[in-house]
$ cat coords_26.cif   # mmCIF, C-alpha atoms
data_work
#
loop_
_atom_site.label_atom_id
_atom_site.label_comp_id
_atom_site.auth_asym_id
_atom_site.auth_seq_id
_atom_site.Cartn_x
_atom_site.Cartn_y
_atom_site.Cartn_z
CA PRO A 19 -31.21 -9.49 18.28
CA LEU A 20 -28.99 -12.23 16.89
CA TRP A 21 -28.59 -10.53 13.51
CA ARG A 22 -27.93 -6.80 13.64
CA GLY A 23 -28.23 -5.99 9.93
CA VAL A 24 -25.76 -5.17 7.17
CA LEU A 25 -23.56 -2.10 6.87
CA VAL A 26 -22.38 -0.98 3.43
CA GLY A 27 -19.57 1.49 2.77
CA PHE A 28 -18.93 3.17 -0.60
CA ASN A 29 -16.32 5.70 -1.68
CA TYR A 30 -15.95 7.33 -5.09
CA ASN A 31 -12.50 8.90 -5.35
CA VAL A 32 -11.61 11.57 -7.89
CA LEU A 33 -7.86 11.38 -8.51
CA ARG A 34 -5.77 14.37 -9.54
CA GLY A 35 -2.31 13.39 -10.75
CA LEU A 36 0.37 16.00 -10.06
CA ARG A 37 3.38 14.25 -11.59
CA VAL A 38 4.43 10.87 -12.93
CA GLU A 39 7.99 9.71 -13.59
CA ASP A 40 9.07 6.52 -15.32
CA VAL A 41 12.81 5.95 -15.77
CA ASN A 42 14.36 2.96 -17.53
CA VAL A 43 18.07 2.20 -17.93
CA ALA A 44 19.46 -0.08 -20.65
CA LEU A 45 23.13 -1.13 -20.58
CA ARG A 46 24.79 -3.41 -23.13
CA LEU A 47 28.39 -4.67 -22.99
CA ASP A 48 29.92 -5.74 -26.31
CA THR A 49 33.09 -7.81 -26.60
CA ASP A 50 35.52 -8.47 -29.45
CA PRO A 51 36.82 -11.96 -30.52
CA LEU A 52 39.39 -11.79 -27.70
CA GLY A 53 36.73 -11.18 -25.08
CA LEU A 54 37.68 -7.57 -24.47
CA LEU A 55 35.18 -4.77 -24.14
CA THR A 56 34.48 -2.84 -27.31
CA VAL A 57 31.83 -0.62 -28.89
CA ASN A 58 29.87 -1.86 -31.89
CA ALA A 59 29.00 1.22 -33.93
CA GLN A 60 26.40 -0.73 -35.95
CA LEU A 61 24.22 -1.23 -32.87
CA PRO A 62 22.32 1.32 -30.77
CA PRO A 63 24.28 3.16 -28.07
CA PRO A 64 25.37 0.78 -25.30
CA LEU A 65 23.99 2.99 -22.50
CA VAL A 66 20.56 4.61 -22.77
CA VAL A 67 18.50 6.25 -20.03
CA ALA A 68 14.87 6.84 -21.01
CA ARG A 69 12.64 9.13 -18.91
CA THR A 70 8.91 9.50 -19.46
CA HIS A 71 7.12 12.15 -17.43
CA ALA A 72 3.88 14.11 -17.31
CA THR A 73 2.30 16.67 -14.99
CA THR A 74 -1.40 16.48 -15.92
CA GLY A 75 -3.51 13.50 -14.92
CA TRP A 76 -7.11 12.79 -13.93
CA GLY A 77 -8.63 9.53 -12.78
CA ARG A 78 -11.02 7.71 -10.50
CA ALA A 79 -11.23 4.80 -8.05
CA ILE A 80 -14.12 3.11 -6.25
CA ASP A 81 -13.98 1.49 -2.80
CA LEU A 82 -16.73 -0.86 -1.66
CA GLY A 83 -17.20 -2.72 1.62
CA VAL A 84 -19.91 -4.69 3.37
CA GLY A 85 -20.11 -5.97 6.96
CA THR A 86 -22.56 -7.73 9.22
CA VAL A 87 -22.85 -8.90 12.83
CA VAL A 88 -24.41 -12.22 13.84
CA GLY A 89 -24.44 -12.72 17.57
CA SER A 90 -20.87 -12.33 18.81
CA TRP A 91 -19.42 -12.67 15.30
CA GLU A 92 -18.66 -9.82 12.91
CA ILE A 93 -17.74 -10.45 9.27
CA ALA A 94 -16.70 -7.93 6.63
CA PHE A 95 -15.45 -7.88 3.04
CA GLY A 96 -14.00 -5.04 1.01
CA ALA A 97 -12.53 -4.12 -2.35
CA ASN A 98 -10.47 -0.94 -2.78
CA GLY A 99 -9.56 0.53 -6.16
CA LEU A 100 -12.35 -0.86 -8.32
CA GLY A 101 -12.04 0.60 -11.81
CA ASN A 102 -9.03 2.66 -10.72
CA ARG A 103 -7.19 4.58 -13.43
CA ILE A 104 -5.32 7.82 -14.09
CA ASP A 105 -5.11 9.19 -17.62
CA TRP A 106 -1.97 11.26 -18.17
CA THR A 107 -1.84 13.80 -20.97
CA ALA A 108 0.80 16.16 -22.35
CA GLY A 109 3.55 13.71 -21.52
CA SER A 110 7.06 13.77 -22.92
CA ASN A 111 9.84 11.28 -23.39
CA THR A 112 13.51 12.18 -23.00
CA SER A 113 16.36 9.81 -23.76
CA TYR A 114 19.99 10.20 -22.75
CA ALA A 115 22.46 8.11 -24.75
CA LEU A 116 26.17 7.54 -24.20
CA VAL A 117 27.64 6.50 -27.53
CA ASN A 118 31.03 5.32 -26.25
CA PRO A 119 31.33 4.69 -22.48
CA LEU A 120 34.92 3.45 -22.96
CA ALA A 121 36.28 6.72 -24.33
CA GLY A 122 36.21 8.56 -21.00
CA ASN A 123 33.68 11.08 -22.32
CA ALA A 124 30.67 11.46 -20.01
CA GLU A 125 28.67 13.69 -22.37
CA PHE A 126 25.21 12.23 -23.04
CA ASP A 127 23.27 12.92 -26.22
CA GLU A 128 19.80 14.16 -25.27
CA HIS A 129 16.69 13.72 -27.41
CA SER A 130 13.13 14.72 -26.41
CA HIS A 131 9.73 14.41 -28.04
CA GLN A 132 6.14 14.90 -26.97
CA LEU A 133 3.92 11.86 -26.50
CA SER A 134 0.65 11.85 -28.40
CA GLY A 135 -2.63 10.63 -26.95
CA VAL A 136 -3.32 9.52 -23.40
CA THR A 137 -1.22 7.26 -21.18
CA ARG A 138 -3.38 5.26 -18.75
CA VAL A 139 -1.96 3.93 -15.50
CA THR A 140 -3.84 1.36 -13.37
CA LEU A 141 -3.15 -0.56 -10.17
CA PRO A 142 -4.34 -3.99 -9.02
CA ILE A 143 -7.51 -4.05 -6.94
CA ALA A 144 -6.94 -4.60 -3.21
CA TYR A 145 -9.29 -7.15 -1.62
CA SER A 146 -9.72 -7.81 2.08
CA ALA A 147 -11.81 -9.96 4.40
CA SER A 148 -12.03 -9.89 8.17
CA VAL A 149 -13.72 -11.84 10.94
CA GLY A 150 -13.98 -11.07 14.63
CA TYR A 151 -15.43 -12.60 17.76
CA THR A 152 -16.38 -10.74 20.93
CA ALA A 153 -16.81 -12.72 24.14
CA ASN A 154 -17.64 -11.45 27.62
CA SER A 155 -14.01 -10.82 28.60
CA TRP A 156 -11.99 -10.84 25.36
CA THR A 157 -12.08 -10.02 21.65
CA ALA A 158 -10.22 -11.58 18.71
CA LEU A 159 -9.92 -10.17 15.19
CA GLY A 160 -8.36 -11.50 11.99
CA ASN A 161 -7.87 -9.98 8.55
CA VAL A 162 -6.52 -11.23 5.24
CA SER A 163 -5.85 -8.98 2.25
CA TRP A 164 -4.19 -9.19 -1.12
CA GLY A 165 -3.36 -6.60 -3.77
CA LEU A 166 -0.38 -4.62 -5.05
CA GLY A 167 1.92 -5.55 -2.15
CA GLY A 168 1.00 -9.25 -2.23
CA PRO A 169 -0.92 -11.19 0.43
CA SER A 170 -0.93 -10.09 4.04
CA LEU A 171 -2.38 -11.44 7.28
CA HIS A 172 -3.25 -9.61 10.50
CA GLY A 173 -4.51 -11.07 13.76
CA GLY A 174 -5.04 -9.66 17.21
CA TYR A 175 -6.39 -10.37 20.68
CA GLU A 176 -7.68 -7.89 23.27
CA TRP A 177 -8.25 -8.50 26.96
CA PRO A 178 -9.99 -5.59 28.72
CA LEU A 179 -9.25 -5.00 32.41
CA ASN A 180 -10.29 -2.29 34.85
CA GLY A 181 -9.78 0.95 32.93
CA PHE A 182 -7.33 -0.39 30.37
CA ALA A 183 -6.92 -3.19 27.82
CA VAL A 184 -3.99 -5.43 26.92
CA ARG A 185 -3.52 -6.33 23.24
CA GLY A 186 -1.30 -8.73 21.34
CA GLY A 187 -1.09 -10.18 17.86
CA GLY A 188 0.99 -10.54 14.73
CA MET A 189 1.05 -9.78 11.04
CA TYR A 190 2.49 -11.25 7.87
CA VAL A 191 3.44 -8.54 5.38
CA ARG A 192 5.96 -8.67 2.51
CA ARG A 193 6.92 -12.25 3.39
CA LEU A 194 7.87 -11.33 6.95
CA TRP A 195 6.17 -12.22 10.23
CA SER A 196 6.10 -9.45 12.83
CA PRO A 197 4.74 -9.50 16.39
CA THR A 198 2.59 -6.71 17.83
CA ALA A 199 1.71 -5.67 21.37
CA GLY A 200 -0.02 -2.74 22.96
CA VAL A 201 -2.22 -1.29 25.67
CA GLY A 202 -5.27 0.95 25.70
CA LEU A 203 -5.96 3.30 28.60
CA ASN A 204 -9.25 5.05 29.36
CA LEU A 205 -8.47 8.69 30.18
CA SER A 206 -12.15 9.55 30.62
CA THR A 207 -15.56 8.23 29.60
CA HIS A 208 -15.06 9.71 26.12
CA THR A 209 -11.28 9.64 25.63
CA ALA A 210 -8.79 6.76 25.39
CA LEU A 211 -5.06 6.54 24.71
CA ASP A 212 -3.60 3.65 22.67
CA VAL A 213 0.09 2.72 22.54
CA ALA A 214 1.40 -0.10 20.34
CA VAL A 215 4.79 -1.64 19.54
CA TYR A 216 5.18 -3.65 16.34
CA GLY A 217 7.69 -4.83 13.77
CA ASN A 218 8.02 -2.67 10.68
CA SER A 219 9.79 -3.74 7.47
CA ALA A 220 8.85 -0.72 5.33
CA ASN A 221 12.44 0.22 4.54
CA ALA A 222 14.89 -0.19 1.68
CA GLU A 223 16.64 -3.09 3.41
CA ARG A 224 13.33 -4.85 4.07
CA LYS A 225 14.55 -5.69 7.55
CA ARG A 226 12.28 -5.82 10.55
CA HIS A 227 12.74 -2.89 12.95
CA PRO A 228 10.66 -2.00 16.01
CA ALA A 229 8.18 0.84 15.67
CA VAL A 230 5.87 2.64 18.09
CA ALA A 231 2.40 4.00 17.36
CA VAL A 232 0.39 6.31 19.64
CA SER A 233 -3.21 7.37 19.06
CA LEU A 234 -5.89 9.30 20.95
CA ARG A 235 -9.48 8.11 20.50
CA LEU A 236 -12.70 10.03 21.07
CA MET A 237 -15.63 7.78 21.92
CA GLY A 238 -19.34 8.10 22.54
CA GLY A 239 -19.20 5.83 25.59
CA PRO A 240 -16.86 4.26 28.13
CA SER A 241 -16.04 1.12 26.11
CA LEU A 242 -12.48 0.58 24.94
CA ARG A 243 -13.54 -0.49 21.42
CA PRO A 244 -16.68 -0.31 19.23
CA GLY A 245 -19.38 -2.73 20.25
CA PRO A 246 -20.39 -5.77 18.19
CA ALA A 247 -23.09 -3.75 16.47
CA GLU A 248 -20.40 -1.72 14.65
CA PRO A 249 -18.26 -4.00 12.49
CA ASP A 250 -15.07 -2.65 10.95
CA ILE A 251 -15.79 -2.33 7.23
CA PRO A 252 -12.53 -2.64 5.22
CA VAL A 253 -12.96 0.48 3.09
CA ARG A 254 -10.11 2.95 3.19
#
$ encode --input "coords_26.cif" --output "structure tokens"
Amino acid sequence: PLWRGVLVGFNYNVLRGLRVEDVNVALRLDTDPLGLLTVNAQLPPPLVVARTHATTGWGRAIDLGVGTVVGSWEIAFGANGLGNRIDWTAGSNTSYALVNPLAGNAEFDEHSHQLSGVTRVTLPIAYSASVGYTANSWTALGNVSWGLGGPSLHGGYEWPLNGFAVRGGGMYVRRLWSPTAGVGLNLSTHTALDVAVYGNSANAERKRHPAVAVSLRLMGGPSLRPGPAEPDIPVR
């Protein structure tokens, strides 16, 4: 049939928070009329480190996705983290203050107090949409998503050959474009090996470095990828 129905995915996640840490640093430099560094005793300490932490948290998050196949086209939409929240209780705040950083004394004054009530932490909802087309001898997929890490784009092309498939594509993540390439090899009618090389910028320098991914897939048939009747629903 031309239209193969609609698939719906739904996850309800119960979140258990083990620990949360929030550290803020405030530094103020005072100067006298001559422009030299000084300490103004009438103002708060020039260097303060505030740490808020808790070890008890409970929350929830809902993931929802829907996908359909029309002929050779597959279309899917998803939203991850609907209504997400973690409520932290029994938190405490500790501040470390250095009254005079110019005196050569590195002793910090420490003050702690318990936080009353509940501290709620939420994250932006992550949305995604994907579209794919499967022809007789090739397949193309594209995905766009946006959420906490900003917008991202993914696209790929697969060309199946005798017993293996060649893949290529690219992605735009964290304001960087990265190429991708890989192959898939049928080891048996129910097992396939995938190897991919791609650019990865998930590092402190945010520089693109090559990365390798290897996966072993178990399948119900000899095909190298799910057929058009099984769209990829973007629910984590």
$ resolve_selection --input "coords_26.cif" --expression "the PyMOL selection byres ((chain A and resi 93) around 10)" --output "list in words"
Val24, Val84, Gly85, Thr86, Val87, Val88, Trp91, Glu92, Ala94, Phe95, Ala147, Ser148, Val149, Gly150, Tyr151, Leu159, Gly160, Asn161, Pro249, Asp250 and Ile251 of chain A
$ atom_distance --input "coords_26.cif" --atom1 "CA of Asn118 (chain A)" --atom2 "CA of Thr70 (chain A)"
23.5 Å
$ residues_around --input "coords_26.cif" --residues "Asp127 (chain A)" --least-positions-apart "5" --cutoff "12 Å" --atoms "only C-alpha atoms" --output "list in words"
Pro63, Leu65, Val66, Val67, Ala68, Thr112, Ser113, Tyr114, Ala115, Leu116, Val117 and Asn118 of chain A
$ atom_distance --input "coords_26.cif" --atom1 "CA of Thr49 (chain A)" --atom2 "CA of Pro119 (chain A)"
13.3 Å
$ atom_distance --input "coords_26.cif" --atom1 "CA of Asn111 (chain A)" --atom2 "CA of Gln60 (chain A)"
24.0 Å
$ residues_around --input "coords_26.cif" --residues "Gly109 (chain A)" --least-positions-apart "4" --cutoff "7 Å" --atoms "only C-alpha atoms" --output "PyMOL selection string"
chain A and resi 71-72+132-133
$ resolve_selection --input "coords_26.cif" --expression "the PyMOL selection byres ((chain A and resi 35) around 8)" --output "short mmCIF file (atom, residue, chain, number, x, y, z; two decimals) with C-alpha atoms, in the coordinates of the input"
data_model
loop_
_atom_site.label_atom_id
_atom_site.label_comp_id
_atom_site.auth_asym_id
_atom_site.auth_seq_id
_atom_site.Cartn_x
_atom_site.Cartn_y
_atom_site.Cartn_z
CA LEU A 33 -7.86 11.38 -8.51
CA ARG A 34 -5.77 14.37 -9.54
CA LEU A 36 0.37 16.00 -10.06
CA ARG A 37 3.38 14.25 -11.59
CA VAL A 38 4.43 10.87 -12.93
CA THR A 73 2.30 16.67 -14.99
CA THR A 74 -1.40 16.48 -15.92
CA GLY A 75 -3.51 13.50 -14.92
CA TRP A 76 -7.11 12.79 -13.93
CA GLY A 77 -8.63 9.53 -12.78
CA ILE A 104 -5.32 7.82 -14.09
CA TRP A 106 -1.97 11.26 -18.17
#
$ closest_residue --input "coords_26.cif" --among "A:Leu171, A:Val201, A:Ile143, A:Leu45" --to "Met189 (chain A)" --atoms "all atoms listed in the file"
A:Leu171
$ residues_around --input "coords_26.cif" --residues "Arg226 (chain A)" --least-positions-apart "2" --cutoff "10 Å" --atoms "all atoms listed in the file" --output "list in words"
Leu194, Trp195, Ser196, Tyr216, Gly217, Asn218, Ser219, Ala220, Asn221, Glu223, Arg224, Pro228 and Ala229 of chain A
$ write_last_selection --input "coords_26.cif" --atoms "C-alpha atoms" --output "short mmCIF file (atom, residue, chain, number, x, y, z; two decimals), in the frame of the given file"
data_model
loop_
_atom_site.label_atom_id
_atom_site.label_comp_id
_atom_site.auth_asym_id
_atom_site.auth_seq_id
_atom_site.Cartn_x
_atom_site.Cartn_y
_atom_site.Cartn_z
CA LEU A 194 7.87 -11.33 6.95
CA TRP A 195 6.17 -12.22 10.23
CA SER A 196 6.10 -9.45 12.83
CA TYR A 216 5.18 -3.65 16.34
CA GLY A 217 7.69 -4.83 13.77
CA ASN A 218 8.02 -2.67 10.68
CA SER A 219 9.79 -3.74 7.47
CA ALA A 220 8.85 -0.72 5.33
CA ASN A 221 12.44 0.22 4.54
CA GLU A 223 16.64 -3.09 3.41
CA ARG A 224 13.33 -4.85 4.07
CA PRO A 228 10.66 -2.00 16.01
CA ALA A 229 8.18 0.84 15.67
#
$ closest_residue --input "coords_26.cif" --among "A:Thr140, A:Gly200, A:Val232, A:Leu54" --to "Asp105 (chain A)" --atoms "only C-alpha atoms"
A:Thr140
$ closest_residue --input "coords_26.cif" --among "A:His131, A:His172, A:Arg78, A:Arg46" --to "Ala108 (chain A)" --atoms "only C-alpha atoms"
A:His131
$ resolve_selection --input "coords_26.cif" --expression "the PyMOL selection byres ((chain A and resi 184) around 9)" --output "PyMOL selection string"
chain A and resi 175-179+182-183+185-186+199-202
$ residues_near_point --input "coords_26.cif" --point "(-2.6, 0.8, 18.8)" --cutoff "7 Å" --atoms "all atoms listed in the file" --output "PyMOL selection string"
chain A and resi 200+212-214+231-233
$ closest_residue --input "coords_26.cif" --among "A:Ser146, A:Thr207, A:Asn58, A:Ser130" --to "Gly165 (chain A)" --atoms "all atoms listed in the file"
A:Ser146
